[in-house]
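Undergrad: Okay, so here is run-v1.txt, and as you'll see once you scroll down, it has compact mmCIF, C-alpha atoms.
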```txt
# COMPACT_ATOMS: atom_id res chain seq x y z
CA MET A 1371 113.52 -3.39 84.76
CA PRO A 1372 116.50 -1.59 86.35
CA ALA A 1373 119.56 -3.78 86.81
CA VAL A 1374 119.92 -3.10 90.55
CA THR A 1375 117.00 -4.68 92.38
CA VAL A 1376 116.27 -7.22 95.13
CA GLU A 1377 114.22 -10.41 95.36
CA ASP A 1378 112.67 -9.56 98.74
CA ILE A 1379 112.40 -5.84 99.43
CA LEU A 1380 111.13 -6.50 102.97
CA THR A 1381 114.62 -7.65 104.03
CA LEU A 1382 116.04 -4.15 103.46
CA PRO A 1383 116.44 -1.35 106.03
CA LYS A 1384 113.37 0.87 106.03
CA VAL A 1385 113.16 4.62 105.58
CA ALA A 1386 111.41 6.02 108.63
CA GLU A 1387 107.95 7.47 108.11
CA PRO A 1388 108.17 11.28 108.51
CA LEU A 1389 106.38 12.83 111.47
CA ALA A 1390 102.76 13.84 110.98
CA THR A 1391 103.81 17.47 111.47
CA ALA A 1392 106.38 17.31 108.65
CA VAL A 1393 105.56 19.55 105.67
CA SER A 1394 105.21 17.85 102.29
CA ARG A 1395 106.90 19.89 99.56
CA PRO A 1396 104.42 21.41 97.09
CA VAL A 1397 104.91 21.24 93.33
CA ARG A 1398 106.19 24.52 91.86
CA SER A 1399 106.32 23.37 88.24
CA ILE A 1400 106.16 20.33 85.97
CA THR A 1401 107.91 20.40 82.61
CA THR A 1402 108.21 17.83 79.82
CA ALA A 1403 111.69 17.08 78.52
CA PRO A 1404 112.12 17.65 74.77
CA GLN A 1405 113.72 14.80 72.86
CA GLY A 1406 116.87 15.11 70.78
CA PHE A 1407 120.18 13.47 69.97
CA GLU A 1408 123.60 13.73 71.60
CA GLY A 1409 127.13 12.78 70.61
CA GLU A 1410 127.19 10.64 67.50
CA GLY A 1411 123.42 10.27 67.52
CA PHE A 1412 122.11 8.51 70.63
CA PRO A 1413 118.61 9.60 71.72
CA VAL A 1414 118.22 11.78 74.83
CA ARG A 1415 115.57 13.66 76.76
CA ARG A 1416 116.74 17.08 78.03
CA ALA A 1417 115.35 16.81 81.54
CA PHE A 1418 116.05 20.40 82.67
CA ALA A 1419 115.02 22.22 79.49
CA GLY A 1420 112.97 25.32 80.22
CA VAL A 1421 113.64 25.30 83.97
CA ASP A 1422 115.19 28.35 85.67
CA LEU A 1423 118.77 27.66 86.78
CA ALA A 1424 117.99 29.20 90.18
CA ALA A 1425 115.47 26.40 90.80
CA LEU A 1426 118.01 23.74 89.76
CA ASP A 1427 121.04 25.07 91.71
CA PRO A 1428 123.46 23.28 92.30
CA PHE A 1429 122.49 21.20 89.26
CA ILE A 1430 123.06 22.48 85.73
CA HIS A 1431 121.98 19.93 83.12
CA MET A 1432 120.60 16.39 82.86
CA ASP A 1433 120.04 14.05 79.92
CA GLN A 1434 118.10 10.81 80.06
CA MET A 1435 119.93 8.58 77.58
CA GLY A 1436 117.51 6.11 75.98
CA GLU A 1437 115.76 3.91 77.00
CA VAL A 1438 116.52 2.31 73.63
CA GLU A 1439 116.86 -1.24 72.33
CA TYR A 1440 119.67 -1.06 69.77
CA ALA A 1441 119.86 -3.36 66.76
CA PRO A 1442 123.32 -4.78 65.89
CA GLY A 1443 125.59 -2.00 64.64
CA GLU A 1444 123.42 0.81 66.06
CA PRO A 1445 124.92 1.68 69.50
CA LYS A 1446 126.59 5.10 69.52
CA GLY A 1447 128.58 7.27 71.89
CA THR A 1448 130.29 10.67 71.91
CA ALA A 1449 133.33 12.09 70.18
CA TRP A 1450 136.25 13.49 72.21
CA HIS A 1451 135.16 16.68 73.98
CA PRO A 1452 136.35 18.95 76.84
CA HIS A 1453 134.87 19.87 80.22
CA ARG A 1454 135.79 22.39 82.91
CA GLY A 1455 134.23 23.78 86.06
CA PHE A 1456 131.74 21.09 87.14
CA GLU A 1457 131.15 17.37 87.73
CA THR A 1458 129.53 14.85 85.39
CA VAL A 1459 127.59 11.99 86.97
CA THR A 1460 126.89 9.17 84.50
CA TYR A 1461 124.44 6.56 85.85
CA ILE A 1462 123.91 3.47 83.70
CA ILE A 1463 120.59 1.85 84.59
CA ASP A 1464 120.90 -0.85 81.92
CA GLY A 1465 123.65 -1.38 79.36
CA THR A 1466 127.37 -0.58 79.19
CA PHE A 1467 129.47 2.53 78.51
CA VAL A 1468 133.26 2.86 78.23
CA HIS A 1469 135.03 6.07 79.30
CA ARG A 1470 138.51 7.31 78.30
CA ASP A 1471 140.18 10.64 79.03
CA SER A 1472 143.22 12.72 78.15
CA THR A 1473 144.94 11.92 81.47
CA GLY A 1474 145.04 8.21 80.67
CA GLY A 1475 142.13 7.37 82.94
CA GLY A 1476 139.09 5.38 82.00
CA GLY A 1477 136.84 2.50 82.86
CA VAL A 1478 133.66 0.59 82.16
CA ILE A 1479 130.31 1.24 83.83
CA THR A 1480 127.40 -1.14 83.43
CA ASN A 1481 124.03 -2.17 84.88
CA GLY A 1482 123.56 0.12 87.85
CA ASP A 1483 127.09 1.59 88.00
CA THR A 1484 127.83 5.32 88.28
CA GLN A 1485 130.92 7.18 87.14
CA TRP A 1486 131.43 10.45 88.98
CA MET A 1487 133.90 12.62 87.07
CA THR A 1488 135.06 15.89 88.59
CA ALA A 1489 136.23 17.82 85.53
CA GLY A 1490 137.56 20.66 87.69
CA SER A 1491 140.37 22.48 85.90
CA GLY A 1492 139.64 20.57 82.71
CA LEU A 1493 140.29 17.54 80.53
CA LEU A 1494 139.15 15.82 77.37
CA HIS A 1495 137.07 12.66 77.45
CA ILE A 1496 135.06 10.27 75.32
CA GLU A 1497 132.19 7.88 76.11
CA VAL A 1498 131.40 4.98 73.80
CA PRO A 1499 129.63 1.61 73.91
CA PRO A 1500 132.01 -1.36 74.00
CA GLU A 1501 132.75 -3.09 70.70
CA GLU A 1502 130.81 -6.20 71.69
CA LEU A 1503 127.66 -4.14 72.34
CA VAL A 1504 128.04 -2.41 68.97
CA VAL A 1505 128.20 -5.84 67.32
CA SER A 1506 125.33 -7.42 69.26
CA GLY A 1507 123.06 -4.46 69.93
CA GLY A 1508 121.01 -4.47 73.13
CA LEU A 1509 119.31 -2.38 75.79
CA PHE A 1510 120.80 0.98 76.77
CA HIS A 1511 119.35 3.33 79.39
CA GLY A 1512 121.06 5.88 81.62
CA LEU A 1513 121.38 9.42 82.88
CA GLN A 1514 124.06 12.06 82.78
CA LEU A 1515 123.80 14.80 85.38
CA TRP A 1516 125.97 17.93 85.60
CA VAL A 1517 126.65 19.18 89.14
CA ASN A 1518 128.09 22.67 89.50
CA LEU A 1519 131.24 23.35 91.49
CA PRO A 1520 131.59 26.43 93.72
CA ARG A 1521 134.00 29.12 92.56
CA ALA A 1522 136.71 28.00 94.99
CA GLN A 1523 136.76 24.46 93.53
CA LYS A 1524 136.26 25.05 89.81
CA MET A 1525 139.98 24.69 89.07
CA SER A 1526 140.54 21.70 91.35
CA PRO A 1527 142.40 18.69 89.88
CA PRO A 1528 140.21 16.21 87.95
CA ARG A 1529 139.19 13.08 89.85
CA TYR A 1530 137.01 10.00 89.34
CA GLN A 1531 134.78 7.75 91.35
CA ASP A 1532 133.58 4.47 89.90
CA ILE A 1533 130.55 3.51 91.98
CA ARG A 1534 129.46 -0.07 91.38
CA GLY A 1535 125.76 -0.90 91.42
CA GLY A 1536 126.31 -3.29 94.31
CA ASP A 1537 127.76 -0.48 96.45
CA VAL A 1538 124.69 1.77 96.53
CA ALA A 1539 122.62 1.79 99.71
CA LEU A 1540 119.32 -0.08 99.20
CA LEU A 1541 116.34 0.90 101.34
CA SER A 1542 112.64 0.12 101.50
CA SER A 1543 109.67 2.36 102.18
CA PRO A 1544 107.88 1.43 105.44
CA ASP A 1545 105.29 -0.78 103.68
CA GLY A 1546 107.70 -2.25 101.12
CA GLY A 1547 106.02 -0.47 98.21
CA ALA A 1548 109.14 1.38 97.06
CA LEU A 1549 112.80 0.45 96.56
CA VAL A 1550 115.16 3.36 97.20
CA ARG A 1551 118.73 3.33 95.85
CA VAL A 1552 120.93 5.95 97.54
CA ILE A 1553 123.66 6.79 95.03
CA ALA A 1554 125.06 9.86 96.78
CA GLY A 1555 124.35 11.87 99.88
CA GLU A 1556 122.31 10.79 102.88
CA LEU A 1557 118.68 9.78 103.39
CA ASP A 1558 117.34 9.14 106.89
CA GLY A 1559 120.83 8.36 108.18
CA HIS A 1560 121.71 6.01 105.30
CA GLU A 1561 124.61 7.21 103.14
CA GLY A 1562 125.30 6.50 99.49
CA PRO A 1563 128.85 5.85 98.21
CA GLY A 1564 129.21 8.99 96.07
CA ILE A 1565 131.61 11.63 97.49
CA THR A 1566 130.56 15.12 96.43
CA HIS A 1567 132.17 18.57 96.52
CA THR A 1568 128.73 20.16 96.80
CA PRO A 1569 126.35 18.61 99.38
CA ILE A 1570 123.66 16.75 97.43
CA VAL A 1571 121.49 13.63 97.53
CA ALA A 1572 120.79 11.45 94.46
CA LEU A 1573 118.24 8.64 94.58
CA HIS A 1574 116.79 6.14 92.11
CA VAL A 1575 113.37 5.14 93.46
CA THR A 1576 111.14 2.38 92.06
CA VAL A 1577 107.52 2.61 93.25
CA ALA A 1578 105.17 -0.36 92.83
CA PRO A 1579 101.76 0.22 91.22
CA GLY A 1580 99.39 1.84 93.70
CA ALA A 1581 102.09 2.51 96.30
CA ARG A 1582 102.99 5.86 97.82
CA VAL A 1583 106.15 6.94 99.65
CA ARG A 1584 107.05 9.96 101.77
CA LEU A 1585 110.79 10.60 101.99
CA PRO A 1586 112.30 12.83 104.69
CA TRP A 1587 114.17 15.70 103.02
CA GLU A 1588 116.80 18.19 104.17
CA PRO A 1589 114.96 21.55 104.42
CA GLY A 1590 118.03 23.47 103.17
CA TYR A 1591 118.18 21.45 99.92
CA ASN A 1592 116.13 21.95 96.78
CA ALA A 1593 114.12 18.96 95.47
CA LEU A 1594 113.70 17.70 91.89
CA VAL A 1595 111.72 14.61 90.84
CA TYR A 1596 112.24 13.21 87.32
CA ALA A 1597 110.15 10.32 85.95
CA LEU A 1598 112.33 7.79 84.12
CA ASN A 1599 109.51 5.34 83.40
CA GLY A 1600 105.87 4.87 84.26
CA ASN A 1601 103.05 7.07 85.49
CA GLY A 1602 102.37 8.48 88.93
CA SER A 1603 101.96 11.60 91.01
CA VAL A 1604 104.04 13.98 93.10
CA GLY A 1605 103.42 16.36 96.00
CA PRO A 1606 100.62 16.61 98.57
CA ASP A 1607 98.13 17.53 95.82
CA ARG A 1608 99.12 14.42 93.83
CA ARG A 1609 99.97 16.23 90.63
CA ALA A 1610 100.21 13.82 87.68
CA LEU A 1611 103.76 12.93 86.61
CA ARG A 1612 104.70 10.69 83.67
CA MET A 1613 107.80 9.47 81.90
CA GLY A 1614 110.05 12.32 80.74
CA GLN A 1615 108.62 14.94 83.09
CA LEU A 1616 110.43 16.91 85.81
CA ALA A 1617 108.76 18.26 88.94
CA VAL A 1618 110.42 21.14 90.79
CA LEU A 1619 109.27 21.19 94.40
CA GLY A 1620 108.99 24.03 96.88
CA GLY A 1621 110.09 24.15 100.52
CA GLY A 1622 109.33 21.57 103.17
CA ASP A 1623 110.54 18.47 105.00
CA VAL A 1624 109.10 15.65 102.85
CA VAL A 1625 109.19 14.55 99.19
CA GLU A 1626 105.96 12.69 98.43
CA VAL A 1627 105.47 10.49 95.34
CA GLY A 1628 103.12 7.70 94.27
CA ALA A 1629 102.60 5.29 91.38
CA ASP A 1630 99.34 4.89 89.48
CA GLU A 1631 97.50 1.59 89.98
CA SER A 1632 97.68 0.90 86.25
CA GLN A 1633 101.03 1.00 84.43
CA GLU A 1634 101.91 0.26 80.82
CA SER A 1635 103.39 -3.15 80.03
CA ARG A 1636 106.88 -1.82 79.20
CA SER A 1637 107.06 0.04 82.52
CA PRO A 1638 105.57 -2.19 85.23
CA SER A 1639 106.53 0.31 87.98
CA LEU A 1640 107.20 4.02 88.37
CA ASP A 1641 110.93 4.79 88.25
CA LEU A 1642 112.07 8.18 89.56
CA TYR A 1643 115.41 9.97 89.83
CA ILE A 1644 115.11 12.26 92.84
CA LEU A 1645 117.71 14.97 93.45
CA GLY A 1646 118.38 17.57 96.07
CA GLY A 1647 121.30 19.81 96.90
CA ARG A 1648 122.41 22.83 98.85
CA PRO A 1649 122.27 25.80 96.44
CA ILE A 1650 125.66 27.38 95.70
CA ARG A 1651 124.10 30.78 94.92
CA GLU A 1652 126.95 32.05 92.75
CA PRO A 1653 126.80 33.53 89.24
CA VAL A 1654 126.72 30.88 86.48
CA ALA A 1655 128.25 31.37 83.05
CA ALA A 1656 127.67 28.18 81.07
CA TYR A 1657 128.26 27.50 77.41
CA GLY A 1658 128.78 24.18 75.68
CA PRO A 1659 131.05 21.95 77.80
CA PHE A 1660 132.15 24.65 80.28
CA VAL A 1661 130.44 25.92 83.45
CA MET A 1662 132.16 28.93 85.02
CA ASN A 1663 131.22 32.06 86.98
CA THR A 1664 131.97 34.80 84.42
CA ARG A 1665 132.08 35.30 80.67
CA ALA A 1666 135.80 36.03 80.90
CA GLU A 1667 136.35 32.62 82.50
CA LEU A 1668 134.39 30.99 79.68
CA VAL A 1669 136.56 32.74 77.09
CA GLN A 1670 139.65 31.56 78.96
CA ALA A 1671 138.34 27.98 78.99
CA PHE A 1672 137.84 28.03 75.21
CA GLU A 1673 141.30 29.53 74.70
CA ASP A 1674 142.86 26.90 76.96
CA PHE A 1675 141.06 24.14 75.07
CA GLN A 1676 142.16 25.46 71.68
CA ALA A 1677 145.74 25.79 72.91
CA GLY A 1678 145.78 22.18 74.10
CA ARG A 1679 146.00 23.09 77.78
CA LEU A 1680 143.07 20.81 78.67
CA GLY A 1681 145.00 17.82 77.35
CA THR A 1682 145.46 16.03 74.06
CA ILE A 1683 143.67 13.05 72.58
CA PRO A 1684 145.71 9.90 73.24
CA SER A 1685 147.02 8.18 70.13
CA GLU A 1686 145.05 5.11 69.17
CA PRO A 1687 146.83 1.75 69.07
CA HIS A 1688 147.42 0.27 65.64
CA PRO A 1689 147.85 -3.50 66.06
CA GLY A 1690 150.48 -4.90 63.70
CA HIS A 1691 151.87 -1.47 62.81
CA ASP A 1692 153.66 -0.46 66.02
CA VAL A 1693 156.28 -3.18 66.03
CA LEU A 1694 159.82 -1.79 66.02
```
Give the structure from the file, written as structure tokens.

TA:
Amino acid sequence: MPAVTVEDILTLPKVAEPLATAVSRPVRSITTAPQGFEGEGFPVRRAFAGVDLAALDPFIHMDQMGEVEYAPGEPKGTAWHPHRGFETVTYIIDGTFVHRDSTGGGGVITNGDTQWMTAGSGLLHIEVPPEELVVSGGLFHGLQLWVNLPRAQKMSPPRYQDIRGGDVALLSSPDGGALVRVIAGELDGHEGPGITHTPIVALHVTVAPGARVRLPWEPGYNALVYALNGNGSVGPDRRALRMGQLAVLGGGDVVEVGADESQESRSPSLDLYILGGRPIREPVAAYGPFVMNTRAELVQAFEDFQAGRLGTIPSEPHPGHDVL
């Protein structure tokens, strides 16, 4: 069960039902995310694997982290690593992650929080579970999305937004069958708290068994639907969609999704991460932790990292040994 929910969904503002003449976006492709490991060994699903970058634009990469129930001593994070040229959006559905960076920034995100990091010109950062979670173990489930920056903003100064779970806009479908969390962008006049360089919308939608929802969608945006949990369908033809699958939709005014009547016990509802954005339509040169426009810019990013121009790892405190 996602951390951000409500007791009575019918008390929320409702998303307007699209006009009968609105065009429901067809399904162009459905792909299944391969599973792997990231950082120091936490399990991920590579949500965009095998999908053409042109269909994803302005998005670059997305990992579903978990869902995993860690035993004591098992929680893992990442080592220090650099980024340049894009934004990382880390959404913690359940659990806790701690962030630190080479500029001295950092913070804790937990249970519905989002950290929006604009890497811009570059920095080093690390993401780890807090010590108490390592000791106790527990549930961990989240997403990390990479959003491209246009050429003119790739070398902008790094910045952060810590978006608390209680700050997201909560909406209901007209019949109360779906809870919509607006993390960034705008849906039917309701704005999420995330401030973006590139115009996008990011939603976490929970659909009750047997319910369907039609969301109005900006025609100039692309549309991606990723199933976090559960089983359902997407598009006017009701193409089957299950956990770990990504649907890329074609043009239109409406994103249409529905949950199967029968769900497995561990996923009582269908949970979807729905994304859309205005394509940047610029060349993309991406390798490892850098997303630039040309190969020469990638080479420069690696050289800057190796020369320490993206920052240095802060020294760790040594209690009892730093007393003068």

Undergrad: List the spatial neighbours of range 1420-1430 of chain A as a compact mmCIF listing (two decimals) with C-alpha atoms, in the coordinates of the input - criterion: any atom at most 9 Å away, all atoms listed in the file, same-chain residues fewer than 3 positions off excluded.

TA:
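Generated output (out07.txt):
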```
# COMPACT_ATOMS: atom_id res chain seq x y z
CA SER A 1399 106.32 23.37 88.24
CA THR A 1401 107.91 20.40 82.61
CA THR A 1402 108.21 17.83 79.82
CA ALA A 1403 111.69 17.08 78.52
CA ALA A 1417 115.35 16.81 81.54
CA PHE A 1456 131.74 21.09 87.14
CA LEU A 1515 123.80 14.80 85.38
CA TRP A 1516 125.97 17.93 85.60
CA VAL A 1517 126.65 19.18 89.14
CA ASN A 1518 128.09 22.67 89.50
CA LEU A 1519 131.24 23.35 91.49
CA PRO A 1520 131.59 26.43 93.72
CA THR A 1568 128.73 20.16 96.80
CA PRO A 1569 126.35 18.61 99.38
CA ILE A 1570 123.66 16.75 97.43
CA ASN A 1592 116.13 21.95 96.78
CA ALA A 1593 114.12 18.96 95.47
CA LEU A 1594 113.70 17.70 91.89
CA VAL A 1618 110.42 21.14 90.79
CA LEU A 1619 109.27 21.19 94.40
CA LEU A 1645 117.71 14.97 93.45
CA GLY A 1646 118.38 17.57 96.07
CA GLY A 1647 121.30 19.81 96.90
CA ARG A 1648 122.41 22.83 98.85
CA PRO A 1649 122.27 25.80 96.44
CA ILE A 1650 125.66 27.38 95.70
CA ARG A 1651 124.10 30.78 94.92
CA VAL A 1654 126.72 30.88 86.48
CA ALA A 1656 127.67 28.18 81.07
CA VAL A 1661 130.44 25.92 83.45
```

Undergrad: Please, what distance in Å, to one decimal, runs between CA of Leu1493 in chain A and CA of Phe1672 in chain A?

TA: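 About the pair CA of Leu1493 in chain A and CA of Phe1672 in chain A: they are 12.0 Å apart.
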
Undergrad: Measure the distance from CA of Gln1676 in chain A to CA of Ala1522 in chain A in Å and round it to one decimal.

TA: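 It comes out at 24.1 Å.
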
Undergrad: List the neighbours of range 1596-1600 of chain A out to 8 Å using only C-alpha atoms; skip same-chain residues closer than 2 positions along the sequence, and give me the result as a ChimeraX atom specification.

TA: /A:1417,1434,1594,1602,1611-1617,1629,1633-1634,1637-1644

Undergrad: Find the residue from A:Val1627, A:Leu1509, A:Leu1549, A:Ala1666 that sits nearest to Gly1580 in chain A; use all atoms listed in the file when measuring.

TA: A:Val1627

Undergrad: Please compute the CA of Ser1542 in chain A-CA of Asp1607 in chain A distance, one decimal, in Å.

TA: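 Answer for the CA of Ser1542 in chain A to CA of Asp1607 in chain A separation: 23.4 Å.
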
Undergrad: For Thr1484 in chain A, find every residue with an atom within 6 Å (counting all atoms listed in the file), except residues of its own chain fewer than 5 positions away, and show them as a list in words.

TA: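 Listing them by chain and then by number gives Thr1460, Tyr1461 and Ile1533 of chain A.
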
Undergrad: So, counting only C-alpha atoms, which residue among A:Arg1665, A:His1511, A:His1567, A:His1495 is closest to Pro1684 in chain A?

TA: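 Looking at the shortest contact to Pro1684 in chain A, the residue is A:His1495.
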
Undergrad: I want to know what sits within 8 Å of Arg1416 in chain A, based on only C-alpha atoms, with residues of the same chain fewer than 4 positions away left out; could you give that as a list in words?

TA: Ala1403, Pro1404, Gln1405, Gly1406, His1431, Met1432, Asp1433 and Gln1434 of chain A

Undergrad: Have a look at A:Ile1565, A:Ile1379, A:Val1595, A:Ala1392 and name the one nearest to Pro1544 in chain A; count all atoms listed in the file.

TA: A:Ile1379

Undergrad: I'd like the neighbourhood of Arg1521 in chain A as a VMD selection string, where a residue qualifies if any of its atoms comes within 9 Å (using all atoms listed in the file), though same-chain residues fewer than 6 positions away should be ignored.

TA: chain A and resid 1455 1652 1662 to 1663

Undergrad: Those residues with C-alpha atoms, as a PDB file, in the frame of the given file please?

TA:
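Generated output (result_38.pdb):
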```pdb
ATOM      1  CA  GLY A1455     134.230  23.780  86.060  1.00  0.00           C
ATOM      2  CA  GLU A1652     126.950  32.050  92.750  1.00  0.00           C
ATOM      3  CA  MET A1662     132.160  28.930  85.020  1.00  0.00           C
ATOM      4  CA  ASN A1663     131.220  32.060  86.980  1.00  0.00           C
TER       5      ASN A1663
END
```

Undergrad: Which one is closest to His1574 in chain A: A:Arg1636, A:His1560, A:Arg1415, A:Arg1551? Count all atoms listed in the file.

TA: A:Arg1551

Undergrad: With all atoms listed in the file as the basis for distance, which of A:Gln1531, A:Ser1635, A:Thr1566, A:Thr1448 is at the shortest distance from Val1478 in chain A?

TA: A:Gln1531

Undergrad: Determine the nearest neighbour of Ala1655 in chain A from the options A:Arg1454, A:Gly1507, A:Phe1675, A:Asp1532, counting all atoms listed in the file.

TA: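 When distances to Ala1655 in chain A are compared using all atoms listed in the file, the smallest one comes from A:Arg1454.
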
Undergrad: Taking (109.8, 17.1, 102.5) in the file's own coordinates, collect the residues within 12 Å, counting only C-alpha atoms, and hand them back as a PDB file with C-alpha atoms, in the coordinates of the input.

TA:
```
ATOM      1  CA  GLU A1387     107.950   7.470 108.110  1.00  0.00           C
ATOM      2  CA  PRO A1388     108.170  11.280 108.510  1.00  0.00           C
ATOM      3  CA  LEU A1389     106.380  12.830 111.470  1.00  0.00           C
ATOM      4  CA  ALA A1390     102.760  13.840 110.980  1.00  0.00           C
ATOM      5  CA  THR A1391     103.810  17.470 111.470  1.00  0.00           C
ATOM      6  CA  ALA A1392     106.380  17.310 108.650  1.00  0.00           C
ATOM      7  CA  VAL A1393     105.560  19.550 105.670  1.00  0.00           C
ATOM      8  CA  SER A1394     105.210  17.850 102.290  1.00  0.00           C
ATOM      9  CA  ARG A1395     106.900  19.890  99.560  1.00  0.00           C
ATOM     10  CA  PRO A1396     104.420  21.410  97.090  1.00  0.00           C
ATOM     11  CA  VAL A1397     104.910  21.240  93.330  1.00  0.00           C
ATOM     12  CA  LEU A1557     118.680   9.780 103.390  1.00  0.00           C
ATOM     13  CA  ASP A1558     117.340   9.140 106.890  1.00  0.00           C
ATOM     14  CA  VAL A1583     106.150   6.940  99.650  1.00  0.00           C
ATOM     15  CA  ARG A1584     107.050   9.960 101.770  1.00  0.00           C
ATOM     16  CA  LEU A1585     110.790  10.600 101.990  1.00  0.00           C
ATOM     17  CA  PRO A1586     112.300  12.830 104.690  1.00  0.00           C
ATOM     18  CA  TRP A1587     114.170  15.700 103.020  1.00  0.00           C
ATOM     19  CA  GLU A1588     116.800  18.190 104.170  1.00  0.00           C
ATOM     20  CA  PRO A1589     114.960  21.550 104.420  1.00  0.00           C
ATOM     21  CA  GLY A1590     118.030  23.470 103.170  1.00  0.00           C
ATOM     22  CA  TYR A1591     118.180  21.450  99.920  1.00  0.00           C
ATOM     23  CA  ASN A1592     116.130  21.950  96.780  1.00  0.00           C
ATOM     24  CA  ALA A1593     114.120  18.960  95.470  1.00  0.00           C
ATOM     25  CA  LEU A1594     113.700  17.700  91.890  1.00  0.00           C
ATOM     26  CA  VAL A1604     104.040  13.980  93.100  1.00  0.00           C
ATOM     27  CA  GLY A1605     103.420  16.360  96.000  1.00  0.00           C
ATOM     28  CA  PRO A1606     100.620  16.610  98.570  1.00  0.00           C
ATOM     29  CA  LEU A1619     109.270  21.190  94.400  1.00  0.00           C
ATOM     30  CA  GLY A1620     108.990  24.030  96.880  1.00  0.00           C
ATOM     31  CA  GLY A1621     110.090  24.150 100.520  1.00  0.00           C
ATOM     32  CA  GLY A1622     109.330  21.570 103.170  1.00  0.00           C
ATOM     33  CA  ASP A1623     110.540  18.470 105.000  1.00  0.00           C
ATOM     34  CA  VAL A1624     109.100  15.650 102.850  1.00  0.00           C
ATOM     35  CA  VAL A1625     109.190  14.550  99.190  1.00  0.00           C
ATOM     36  CA  GLU A1626     105.960  12.690  98.430  1.00  0.00           C
ATOM     37  CA  VAL A1627     105.470  10.490  95.340  1.00  0.00           C
ATOM     38  CA  GLY A1646     118.380  17.570  96.070  1.00  0.00           C
TER      39      GLY A1646
END
```
